[in-house]
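Asker: My structure file start12.pdb, PDB, C-alpha atoms, is below:
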```
MODEL        1
ATOM      1  CA  MET X 552     -50.089  17.334  39.068  1.00  0.00           C
ATOM      2  CA  ARG X 553     -47.803  19.805  37.404  1.00  0.00           C
ATOM      3  CA  HIS X 554     -44.760  20.984  39.296  1.00  0.00           C
ATOM      4  CA  VAL X 555     -43.380  24.370  38.484  1.00  0.00           C
ATOM      5  CA  ALA X 556     -39.884  25.037  39.719  1.00  0.00           C
ATOM      6  CA  GLN X 557     -39.421  28.283  41.571  1.00  0.00           C
ATOM      7  CA  ARG X 558     -37.051  30.372  39.552  1.00  0.00           C
ATOM      8  CA  PRO X 559     -34.594  32.667  41.298  1.00  0.00           C
ATOM      9  CA  ALA X 560     -35.120  36.392  41.229  1.00  0.00           C
ATOM     10  CA  ILE X 561     -33.703  38.353  38.301  1.00  0.00           C
ATOM     11  CA  GLU X 562     -29.967  37.792  38.412  1.00  0.00           C
ATOM     12  CA  HIS X 563     -27.029  39.694  37.076  1.00  0.00           C
ATOM     13  CA  PRO X 564     -24.295  37.666  35.462  1.00  0.00           C
ATOM     14  CA  LYS X 565     -21.332  38.704  37.582  1.00  0.00           C
ATOM     15  CA  PRO X 566     -20.529  40.830  40.628  1.00  0.00           C
ATOM     16  CA  LEU X 567     -20.066  44.539  40.049  1.00  0.00           C
ATOM     17  CA  THR X 568     -16.589  46.035  40.080  1.00  0.00           C
ATOM     18  CA  GLU X 569     -15.758  48.318  42.994  1.00  0.00           C
ATOM     19  CA  PRO X 570     -15.881  51.585  40.991  1.00  0.00           C
ATOM     20  CA  VAL X 571     -19.275  50.625  39.521  1.00  0.00           C
ATOM     21  CA  LEU X 572     -20.663  49.678  42.922  1.00  0.00           C
ATOM     22  CA  LEU X 573     -19.420  52.929  44.469  1.00  0.00           C
ATOM     23  CA  ILE X 574     -20.850  55.006  41.624  1.00  0.00           C
ATOM     24  CA  LEU X 575     -24.248  53.339  41.984  1.00  0.00           C
ATOM     25  CA  MET X 576     -24.145  53.835  45.754  1.00  0.00           C
ATOM     26  CA  SER X 577     -23.226  57.474  45.355  1.00  0.00           C
ATOM     27  CA  LEU X 578     -26.051  58.099  42.891  1.00  0.00           C
ATOM     28  CA  ALA X 579     -28.558  56.237  45.071  1.00  0.00           C
ATOM     29  CA  GLY X 580     -28.638  59.225  47.427  1.00  0.00           C
ATOM     30  CA  GLN X 581     -29.006  61.961  44.847  1.00  0.00           C
ATOM     31  CA  PRO X 582     -28.031  62.833  41.269  1.00  0.00           C
ATOM     32  CA  ARG X 583     -24.460  64.107  40.929  1.00  0.00           C
ATOM     33  CA  HIS X 584     -22.116  65.499  38.308  1.00  0.00           C
ATOM     34  CA  GLY X 585     -18.668  64.025  37.563  1.00  0.00           C
ATOM     35  CA  TYR X 586     -16.497  65.809  40.087  1.00  0.00           C
ATOM     36  CA  ALA X 587     -19.098  65.525  42.851  1.00  0.00           C
ATOM     37  CA  LEU X 588     -19.113  61.771  42.222  1.00  0.00           C
ATOM     38  CA  ILE X 589     -15.337  61.572  42.695  1.00  0.00           C
ATOM     39  CA  LYS X 590     -15.521  63.535  45.952  1.00  0.00           C
ATOM     40  CA  ASP X 591     -18.497  61.589  47.290  1.00  0.00           C
ATOM     41  CA  ILE X 592     -16.879  58.238  46.471  1.00  0.00           C
ATOM     42  CA  GLU X 593     -13.759  59.380  48.292  1.00  0.00           C
ATOM     43  CA  ALA X 594     -15.861  60.154  51.377  1.00  0.00           C
ATOM     44  CA  LEU X 595     -17.975  57.014  51.004  1.00  0.00           C
ATOM     45  CA  SER X 596     -14.873  54.812  50.947  1.00  0.00           C
ATOM     46  CA  ARG X 597     -13.264  56.754  53.826  1.00  0.00           C
ATOM     47  CA  HIS X 598     -10.536  58.080  51.510  1.00  0.00           C
ATOM     48  CA  ARG X 599      -9.519  54.587  50.387  1.00  0.00           C
ATOM     49  CA  VAL X 600     -10.712  55.038  46.799  1.00  0.00           C
ATOM     50  CA  ARG X 601     -10.130  58.043  44.583  1.00  0.00           C
ATOM     51  CA  LEU X 602     -11.286  57.407  41.046  1.00  0.00           C
ATOM     52  CA  SER X 603      -9.268  58.922  38.226  1.00  0.00           C
ATOM     53  CA  THR X 604     -11.179  60.741  35.498  1.00  0.00           C
ATOM     54  CA  GLY X 605     -10.512  57.851  33.095  1.00  0.00           C
ATOM     55  CA  THR X 606     -11.818  55.229  35.512  1.00  0.00           C
ATOM     56  CA  LEU X 607     -14.884  57.298  36.376  1.00  0.00           C
ATOM     57  CA  TYR X 608     -15.909  57.992  32.783  1.00  0.00           C
ATOM     58  CA  GLY X 609     -15.114  54.446  31.634  1.00  0.00           C
ATOM     59  CA  ALA X 610     -17.546  53.161  34.249  1.00  0.00           C
ATOM     60  CA  LEU X 611     -20.114  55.892  33.549  1.00  0.00           C
ATOM     61  CA  ARG X 612     -20.037  55.083  29.832  1.00  0.00           C
ATOM     62  CA  ARG X 613     -20.717  51.387  30.508  1.00  0.00           C
ATOM     63  CA  LEU X 614     -23.486  52.229  32.959  1.00  0.00           C
ATOM     64  CA  LEU X 615     -25.077  54.562  30.401  1.00  0.00           C
ATOM     65  CA  ASP X 616     -24.850  51.851  27.725  1.00  0.00           C
ATOM     66  CA  ASP X 617     -26.466  49.352  30.065  1.00  0.00           C
ATOM     67  CA  GLY X 618     -29.236  51.793  30.972  1.00  0.00           C
ATOM     68  CA  TRP X 619     -28.417  51.692  34.695  1.00  0.00           C
ATOM     69  CA  ILE X 620     -27.881  55.441  34.902  1.00  0.00           C
ATOM     70  CA  GLU X 621     -28.999  58.378  32.816  1.00  0.00           C
ATOM     71  CA  ARG X 622     -27.510  61.729  32.009  1.00  0.00           C
ATOM     72  CA  PHE X 623     -29.449  64.953  32.272  1.00  0.00           C
ATOM     73  CA  GLU X 624     -28.801  68.646  32.265  1.00  0.00           C
ATOM     74  CA  GLN X 625     -28.798  70.371  35.628  1.00  0.00           C
ATOM     75  CA  GLU X 626     -30.037  73.927  35.548  1.00  0.00           C
ATOM     76  CA  ASP X 627     -28.990  75.170  38.953  1.00  0.00           C
ATOM     77  CA  THR X 628     -25.208  74.786  38.734  1.00  0.00           C
ATOM     78  CA  SER X 629     -22.791  77.209  37.175  1.00  0.00           C
ATOM     79  CA  ARG X 630     -20.000  74.866  36.109  1.00  0.00           C
ATOM     80  CA  ASP X 631     -21.054  71.247  35.737  1.00  0.00           C
ATOM     81  CA  LYS X 632     -24.271  71.109  33.803  1.00  0.00           C
ATOM     82  CA  GLN X 633     -24.350  67.403  32.992  1.00  0.00           C
ATOM     83  CA  ALA X 634     -25.367  65.246  35.917  1.00  0.00           C
ATOM     84  CA  TYR X 635     -26.131  61.555  36.370  1.00  0.00           C
ATOM     85  CA  ARG X 636     -28.897  59.741  38.170  1.00  0.00           C
ATOM     86  CA  LEU X 637     -29.893  56.123  38.720  1.00  0.00           C
ATOM     87  CA  THR X 638     -32.578  54.564  36.544  1.00  0.00           C
ATOM     88  CA  SER X 639     -35.017  52.071  38.039  1.00  0.00           C
ATOM     89  CA  GLU X 640     -32.891  49.295  36.505  1.00  0.00           C
ATOM     90  CA  GLY X 641     -29.748  50.716  38.131  1.00  0.00           C
ATOM     91  CA  ARG X 642     -31.470  50.890  41.499  1.00  0.00           C
ATOM     92  CA  ARG X 643     -32.617  47.293  41.109  1.00  0.00           C
ATOM     93  CA  GLN X 644     -29.117  46.107  40.222  1.00  0.00           C
ATOM     94  CA  LEU X 645     -27.665  47.952  43.227  1.00  0.00           C
ATOM     95  CA  GLU X 646     -30.228  46.327  45.523  1.00  0.00           C
ATOM     96  CA  LEU X 647     -29.335  42.904  44.103  1.00  0.00           C
ATOM     97  CA  GLU X 648     -25.644  43.497  44.678  1.00  0.00           C
ATOM     98  CA  LEU X 649     -26.166  44.768  48.232  1.00  0.00           C
ATOM     99  CA  ASP X 650     -28.347  41.723  48.948  1.00  0.00           C
ATOM    100  CA  ARG X 651     -25.509  39.542  47.695  1.00  0.00           C
ATOM    101  CA  PHE X 652     -23.106  41.294  50.057  1.00  0.00           C
ATOM    102  CA  ARG X 653     -25.519  40.860  52.962  1.00  0.00           C
ATOM    103  CA  GLU X 654     -25.790  37.122  52.292  1.00  0.00           C
ATOM    104  CA  LEU X 655     -22.031  36.840  51.934  1.00  0.00           C
ATOM    105  CA  SER X 656     -21.274  38.688  55.172  1.00  0.00           C
ATOM    106  CA  ARG X 657     -23.934  36.661  57.018  1.00  0.00           C
ATOM    107  CA  ALA X 658     -22.244  33.461  55.835  1.00  0.00           C
ATOM    108  CA  GLY X 659     -18.812  34.860  56.714  1.00  0.00           C
ATOM    109  CA  PHE X 660     -19.822  35.806  60.268  1.00  0.00           C
ATOM    110  CA  ALA X 661     -21.464  32.422  60.730  1.00  0.00           C
ATOM    111  CA  ARG X 662     -18.159  30.754  59.803  1.00  0.00           C
ATOM    112  CA  LEU X 663     -16.272  33.009  62.225  1.00  0.00           C
ATOM    113  CA  ARG X 664     -18.639  32.094  65.055  1.00  0.00           C
ATOM    114  CA  LEU X 665     -18.171  28.420  64.198  1.00  0.00           C
ATOM    115  CA  GLY X 666     -14.417  28.892  64.393  1.00  0.00           C
ATOM    116  CA  GLU X 667     -14.674  30.568  67.804  1.00  0.00           C
ATOM    117  CA  ALA X 668     -16.929  27.885  69.271  1.00  0.00           C
TER     118      ALA X 668
ATOM    119  CA  MET M 990      -1.375  70.215  31.930  1.00  0.00           C
ATOM    120  CA  GLY M 991      -4.898  70.764  30.663  1.00  0.00           C
ATOM    121  CA  ALA M 992      -3.578  70.874  27.104  1.00  0.00           C
ATOM    122  CA  VAL M 993      -1.806  67.519  27.557  1.00  0.00           C
ATOM    123  CA  PHE M 994      -5.010  66.012  28.932  1.00  0.00           C
ATOM    124  CA  ARG M 995      -6.936  67.387  25.953  1.00  0.00           C
ATOM    125  CA  VAL M 996      -4.458  65.748  23.570  1.00  0.00           C
ATOM    126  CA  LEU M 997      -4.625  62.448  25.467  1.00  0.00           C
ATOM    127  CA  LEU M 998      -8.396  62.440  25.034  1.00  0.00           C
ATOM    128  CA  TYR M 999      -7.725  61.719  21.358  1.00  0.00           C
ATOM    129  CA  LEU M1000      -6.755  58.205  22.432  1.00  0.00           C
ATOM    130  CA  TYR M1001     -10.470  57.553  23.007  1.00  0.00           C
ATOM    131  CA  PRO M1002     -12.876  56.541  20.241  1.00  0.00           C
ATOM    132  CA  GLN M1003     -14.422  59.546  18.553  1.00  0.00           C
ATOM    133  CA  ARG M1004     -17.917  58.811  19.839  1.00  0.00           C
ATOM    134  CA  HIS M1005     -16.739  58.641  23.450  1.00  0.00           C
ATOM    135  CA  ARG M1006     -14.826  61.893  23.006  1.00  0.00           C
ATOM    136  CA  GLU M1007     -17.800  63.677  21.511  1.00  0.00           C
ATOM    137  CA  LEU M1008     -20.124  62.522  24.252  1.00  0.00           C
ATOM    138  CA  LEU M1009     -17.917  62.858  27.328  1.00  0.00           C
ATOM    139  CA  GLY M1010     -14.664  64.615  26.346  1.00  0.00           C
ATOM    140  CA  ALA M1011     -15.571  68.130  27.464  1.00  0.00           C
ATOM    141  CA  GLU M1012     -16.938  66.846  30.739  1.00  0.00           C
ATOM    142  CA  MET M1013     -13.824  64.754  31.391  1.00  0.00           C
ATOM    143  CA  GLN M1014     -11.646  67.779  30.730  1.00  0.00           C
ATOM    144  CA  ALA M1015     -13.669  69.874  33.204  1.00  0.00           C
ATOM    145  CA  VAL M1016     -13.456  67.179  35.887  1.00  0.00           C
ATOM    146  CA  PHE M1017      -9.702  66.837  35.364  1.00  0.00           C
ATOM    147  CA  GLU M1018      -9.217  70.592  35.693  1.00  0.00           C
ATOM    148  CA  GLN M1019     -11.217  70.723  38.921  1.00  0.00           C
ATOM    149  CA  GLY M1020      -9.076  67.905  40.351  1.00  0.00           C
ATOM    150  CA  ALA M1021      -5.859  69.570  39.164  1.00  0.00           C
ATOM    151  CA  GLN M1022      -6.859  72.839  40.797  1.00  0.00           C
ATOM    152  CA  GLU M1023      -7.516  71.088  44.093  1.00  0.00           C
ATOM    153  CA  HIS M1024      -4.282  69.072  44.047  1.00  0.00           C
ATOM    154  CA  ARG M1025      -2.123  72.030  43.035  1.00  0.00           C
ATOM    155  CA  ARG M1026      -3.036  73.628  46.367  1.00  0.00           C
ATOM    156  CA  LEU M1027      -1.831  70.523  48.247  1.00  0.00           C
ATOM    157  CA  GLY M1028       1.771  70.871  47.098  1.00  0.00           C
ATOM    158  CA  PRO M1029       4.006  69.663  44.246  1.00  0.00           C
ATOM    159  CA  SER M1030       4.277  66.024  45.334  1.00  0.00           C
ATOM    160  CA  GLN M1031       0.493  65.620  45.649  1.00  0.00           C
ATOM    161  CA  TYR M1032       0.020  67.340  42.319  1.00  0.00           C
ATOM    162  CA  LEU M1033       2.578  65.108  40.610  1.00  0.00           C
ATOM    163  CA  ARG M1034       0.941  62.002  42.089  1.00  0.00           C
ATOM    164  CA  PHE M1035      -2.437  63.220  40.863  1.00  0.00           C
ATOM    165  CA  VAL M1036      -1.137  63.877  37.332  1.00  0.00           C
ATOM    166  CA  LEU M1037       0.546  60.468  37.090  1.00  0.00           C
ATOM    167  CA  LEU M1038      -2.593  58.660  38.260  1.00  0.00           C
ATOM    168  CA  GLU M1039      -4.769  60.673  35.887  1.00  0.00           C
ATOM    169  CA  VAL M1040      -2.548  60.059  32.871  1.00  0.00           C
ATOM    170  CA  GLY M1041      -2.205  56.354  33.708  1.00  0.00           C
ATOM    171  CA  GLY M1042      -5.960  55.986  34.195  1.00  0.00           C
ATOM    172  CA  LEU M1043      -6.701  57.840  30.986  1.00  0.00           C
ATOM    173  CA  VAL M1044      -4.339  55.758  28.843  1.00  0.00           C
ATOM    174  CA  LEU M1045      -5.595  52.486  30.338  1.00  0.00           C
ATOM    175  CA  HIS M1046      -9.277  53.331  29.934  1.00  0.00           C
ATOM    176  CA  ALA M1047      -8.768  54.738  26.460  1.00  0.00           C
ATOM    177  CA  ALA M1048      -7.278  51.361  25.485  1.00  0.00           C
ATOM    178  CA  ILE M1049     -10.277  49.580  27.037  1.00  0.00           C
ATOM    179  CA  ALA M1050     -12.692  51.904  25.210  1.00  0.00           C
ATOM    180  CA  GLN M1051     -10.862  51.313  21.905  1.00  0.00           C
ATOM    181  CA  PHE M1052     -11.071  47.572  22.443  1.00  0.00           C
ATOM    182  CA  ALA M1053     -14.791  47.835  23.264  1.00  0.00           C
ATOM    183  CA  ASN M1054     -15.279  49.962  20.181  1.00  0.00           C
ATOM    184  CA  ALA M1055     -13.429  47.481  17.981  1.00  0.00           C
ATOM    185  CA  THR M1056     -15.457  44.563  19.291  1.00  0.00           C
ATOM    186  CA  HIS M1057     -18.709  46.600  19.429  1.00  0.00           C
ATOM    187  CA  ARG M1058     -19.205  45.728  23.089  1.00  0.00           C
ATOM    188  CA  GLY M1059     -21.314  48.439  24.659  1.00  0.00           C
ATOM    189  CA  TYR M1060     -21.556  50.490  21.520  1.00  0.00           C
ATOM    190  CA  LEU M1061     -25.104  49.678  20.714  1.00  0.00           C
ATOM    191  CA  GLU M1062     -26.122  52.696  18.707  1.00  0.00           C
ATOM    192  CA  ASN M1063     -26.407  50.835  15.423  1.00  0.00           C
ATOM    193  CA  GLN M1064     -28.210  47.824  16.813  1.00  0.00           C
ATOM    194  CA  VAL M1065     -31.647  49.402  17.092  1.00  0.00           C
ATOM    195  CA  ASP M1066     -33.585  48.960  13.866  1.00  0.00           C
ATOM    196  CA  GLY M1067     -30.263  48.848  12.061  1.00  0.00           C
ATOM    197  CA  THR M1068     -31.248  51.587   9.669  1.00  0.00           C
ATOM    198  CA  LEU M1069     -30.568  54.713  11.638  1.00  0.00           C
ATOM    199  CA  ALA M1070     -28.143  57.387  10.616  1.00  0.00           C
ATOM    200  CA  PRO M1071     -24.594  57.053  12.012  1.00  0.00           C
ATOM    201  CA  PRO M1072     -24.424  58.036  15.706  1.00  0.00           C
ATOM    202  CA  ARG M1073     -22.427  61.181  15.122  1.00  0.00           C
ATOM    203  CA  ASP M1074     -25.384  62.668  13.204  1.00  0.00           C
ATOM    204  CA  LEU M1075     -27.792  62.247  16.090  1.00  0.00           C
ATOM    205  CA  PRO M1076     -28.363  64.316  19.240  1.00  0.00           C
ATOM    206  CA  ASP M1077     -27.159  62.756  22.522  1.00  0.00           C
ATOM    207  CA  GLU M1078     -30.696  62.336  23.818  1.00  0.00           C
ATOM    208  CA  VAL M1079     -31.666  60.262  20.787  1.00  0.00           C
ATOM    209  CA  ILE M1080     -28.560  58.095  21.076  1.00  0.00           C
ATOM    210  CA  GLU M1081     -29.232  57.517  24.770  1.00  0.00           C
ATOM    211  CA  ALA M1082     -32.838  56.592  23.999  1.00  0.00           C
ATOM    212  CA  GLN M1083     -31.574  54.165  21.334  1.00  0.00           C
ATOM    213  CA  ASN M1084     -29.085  52.653  23.764  1.00  0.00           C
ATOM    214  CA  ARG M1085     -31.790  52.166  26.357  1.00  0.00           C
ATOM    215  CA  LEU M1086     -34.041  50.440  23.843  1.00  0.00           C
ATOM    216  CA  ALA M1087     -31.212  48.219  22.563  1.00  0.00           C
ATOM    217  CA  VAL M1088     -30.357  47.183  26.119  1.00  0.00           C
ATOM    218  CA  ASN M1089     -33.993  46.358  26.854  1.00  0.00           C
ATOM    219  CA  ILE M1090     -34.293  44.317  23.672  1.00  0.00           C
ATOM    220  CA  ASN M1091     -31.148  42.367  24.615  1.00  0.00           C
ATOM    221  CA  GLN M1092     -32.443  41.764  28.145  1.00  0.00           C
ATOM    222  CA  LEU M1093     -35.838  40.716  26.817  1.00  0.00           C
ATOM    223  CA  SER M1094     -34.279  38.215  24.378  1.00  0.00           C
ATOM    224  CA  PHE M1095     -32.017  36.874  27.130  1.00  0.00           C
ATOM    225  CA  ALA M1096     -34.961  36.427  29.502  1.00  0.00           C
ATOM    226  CA  ILE M1097     -37.080  34.686  26.844  1.00  0.00           C
ATOM    227  CA  SER M1098     -34.257  32.402  25.738  1.00  0.00           C
ATOM    228  CA  HIS M1099     -33.682  31.387  29.376  1.00  0.00           C
ATOM    229  CA  HIS M1100     -37.405  30.865  30.013  1.00  0.00           C
ATOM    230  CA  GLN M1101     -37.453  33.643  32.616  1.00  0.00           C
ATOM    231  CA  PHE M1102     -40.964  34.723  31.878  1.00  0.00           C
ATOM    232  CA  VAL M1103     -41.475  36.966  34.892  1.00  0.00           C
ATOM    233  CA  GLN M1104     -38.377  38.912  33.907  1.00  0.00           C
ATOM    234  CA  ALA M1105     -39.425  38.849  30.263  1.00  0.00           C
ATOM    235  CA  ARG M1106     -42.706  40.522  31.181  1.00  0.00           C
ATOM    236  CA  PHE M1107     -40.794  43.184  33.109  1.00  0.00           C
ATOM    237  CA  TYR M1108     -38.394  43.833  30.215  1.00  0.00           C
ATOM    238  CA  LYS M1109     -41.245  43.832  27.695  1.00  0.00           C
ATOM    239  CA  ASN M1110     -42.826  46.621  29.692  1.00  0.00           C
ATOM    240  CA  GLU M1111     -39.494  48.463  29.904  1.00  0.00           C
ATOM    241  CA  GLU M1112     -38.962  47.971  26.182  1.00  0.00           C
ATOM    242  CA  ARG M1113     -42.376  49.500  25.454  1.00  0.00           C
ATOM    243  CA  LYS M1114     -41.468  52.542  27.559  1.00  0.00           C
ATOM    244  CA  ALA M1115     -38.038  52.831  25.917  1.00  0.00           C
ATOM    245  CA  ARG M1116     -39.593  52.593  22.442  1.00  0.00           C
ATOM    246  CA  GLU M1117     -42.088  55.334  23.327  1.00  0.00           C
ATOM    247  CA  ASN M1118     -39.262  57.487  24.709  1.00  0.00           C
ATOM    248  CA  LEU M1119     -37.274  57.002  21.494  1.00  0.00           C
ATOM    249  CA  ARG M1120     -40.326  57.908  19.426  1.00  0.00           C
ATOM    250  CA  GLN M1121     -40.732  61.134  21.440  1.00  0.00           C
ATOM    251  CA  MET M1122     -37.031  61.977  21.065  1.00  0.00           C
ATOM    252  CA  ARG M1123     -37.201  61.414  17.299  1.00  0.00           C
ATOM    253  CA  GLU M1124     -40.285  63.598  17.147  1.00  0.00           C
ATOM    254  CA  LYS M1125     -38.576  66.294  19.266  1.00  0.00           C
ATOM    255  CA  TYR M1126     -35.595  66.438  16.910  1.00  0.00           C
ATOM    256  CA  GLY M1127     -37.641  65.919  13.749  1.00  0.00           C
ATOM    257  CA  ILE M1128     -35.961  62.604  12.909  1.00  0.00           C
ATOM    258  CA  GLY M1129     -37.986  60.192  10.799  1.00  0.00           C
ATOM    259  CA  ASP M1130     -38.147  56.427  11.386  1.00  0.00           C
ATOM    260  CA  ARG M1131     -36.357  55.709   8.099  1.00  0.00           C
TER     261      ARG M1131
ENDMDL
END
```
Write the structure described by the file as C-alpha cells, please.

Answerer:
Amino acid sequence: MRHVAQRPAIEHPKPLTEPVLLILMSLAGQPRHGYALIKDIEALSRHRVRLSTGTLYGALRRLLDDGWIERFEQEDTSRDKQAYRLTSEGRRQLELELDRFRELSRAGFARLRLGEA
Amino acid sequence: MGAVFRVLLYLYPQRHRELLGAEMQAVFEQGAQEHRRLGPSQYLRFVLLEVGGLVLHAAIAQFANATHRGYLENQVDGTLAPPRDLPDEVIEAQNRLAVNINQLSFAISHHQFVQARFYKNEERKARENLRQMREKYGIGDR
C-alpha cells in the first residue's frame, strides 16, 4: 500500500509585518487610494498606527511586486485617481495570516485558562 | 514643505519615483494640509515623521534595487526593453508573471503539486494578461 503524506496548505514563508497586514485588511473591504488607506488604517488600529507616506508606499511597492495587490485608475474621484485593490492571491495570503492569528490566540487563551485553573 | 518632500523623493530609485513619486507627493500634501490645521506642534511632529519615514524607506528601496529584490521587471523573458520604456500596465503585468513563475518553480521544487497546479493556472492567466497588454500598447514579443 502506498502512503501519501498529507501536505499542509499553501504556506507563506514568514508572518506579515504590521503595516502590510493593515494594508491588506483595509483593502479587503474595498479598493482605496493612498490617503484613504492611511486614514482607514488609523481608524482600523484605533489611532495606534499612522503610516508615514514612505512606509505606506514602501509596503505598497512590495505588495505590487508580489502580485498581492493591483493598481488601477479610479474614474469617480477628483484628486486621487490611482487606487489599489486586493488580488485573489492577496486575499488568500490575508486569510492565511488571519487563520494563523486565530490559532495563536486560541493557544494563548488556552494557556491562560490553564494558568487560572 | 512640499518642495522639500519633492527633493527628498530623489533619494528613491528612479523606477520607484517614476511609478509612485507623484502619488506620494499628493498623499504627503493631503496629510500636511490636515496636520497644519491641528497646530504647529502637530504639524512639526508630522513633518519629522514623514521625513524620517521617507529617508528610511528610500534607503530600503535603494538596497532592494541594488540587490534586485522585488525589482522583477527584467526577469520575464529577459529580452524586454528596459522598464522605463514601458507603460506601467505592461510592467505590472510582467511583475505578476515573474512572481507567478517564481511561485510555480518554488512549488515544484518543494514537491507541492497542488500549489503548483494553482500557480500554473495563475501563470497562464498572467501570461495572457501580459500578451493583451503588449497588444494594447503595440509592443512586440522581441

Asker: Could you write out as a PyMOL selection string the residues of chain X within 6 Å of chain M, counting only C-alpha atoms?

Answerer: chain X and resi 586+603+605+616-618

Asker: Go ahead and dump the residues you just picked, C-alpha atoms, as a PDB file, in the coordinates of the input.

Answerer:
```pdb
ATOM      1  CA  TYR X 586     -16.497  65.809  40.087  1.00  0.00           C
ATOM      2  CA  SER X 603      -9.268  58.922  38.226  1.00  0.00           C
ATOM      3  CA  GLY X 605     -10.512  57.851  33.095  1.00  0.00           C
ATOM      4  CA  ASP X 616     -24.850  51.851  27.725  1.00  0.00           C
ATOM      5  CA  ASP X 617     -26.466  49.352  30.065  1.00  0.00           C
ATOM      6  CA  GLY X 618     -29.236  51.793  30.972  1.00  0.00           C
TER       7      GLY X 618
END
```

Asker: Could you check which of X:Arg653, X:Leu614, X:Thr606, X:Asp591 is closest to Thr638 of chain X, using all atoms listed in the file?

Answerer: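 Once distances to Thr638 of chain X are computed over all atoms listed in the file, the minimum belongs to X:Leu614.
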
Asker: Starting from the PyMOL selection byres ((chain X and resi 576) around 12), expand the selection into actual residues of this file and give them as an NGL selection string.

Answerer: :X and (567 or 569-575 or 577-583 or 588 or 591-592 or 594-596 or 620 or 636-637 or 641-646 or 648-649)

Asker: How many Å lie between atom CA of Arg1113 of chain M and atom CA of Ile1128 of chain M, rounded to one decimal?

Answerer: 19.2 Å

Asker: I'd like to know which of M:Gln1121, M:Gln1031, M:Gln1051, M:Ser1094 is closest to Leu1000 of chain M, using all atoms listed in the file.

Answerer: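 The shortest atom-to-atom distance to Leu1000 of chain M comes from M:Gln1051.
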
Asker: I'd like the interatomic distance between atom CA of Leu647 of chain X and atom CA of Ala661 of chain X, to a tenth of an Å.

Answerer: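 Distance between the two atoms: 21.2 Å.
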
Asker: Rounded to one decimal in Å, what is the spacing between atom CA of Leu602 of chain X and atom CA of Lys590 of chain X?

Answerer: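 Distance between the two atoms: 8.9 Å.
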
Asker: Build an axis-aligned box that encloses every atom of segment 587-603 of chain X listed in the file, pad it by 4 Å on each side, and report its centre and edge lengths in Å to one decimal, as JSON.

Answerer:
```
{"center_x": -14.2, "center_y": 60.1, "center_z": 46.0, "size_x": 17.8, "size_y": 18.9, "size_z": 23.6}
```

Asker: If the PyMOL selection byres ((chain X and resi 634) around 9) is run on the structure shown, which residues does it catch, given as a ChimeraX atom specification?

Answerer: /X:582-585,621-625,631-633,635-636

Asker: Nearest to Thr604 of chain X: which of X:Leu663, X:Ile589, X:Thr568, X:Leu655 is it, counting only C-alpha atoms?

Answerer: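 For Thr604 of chain X, the nearest of the candidates is X:Ile589.
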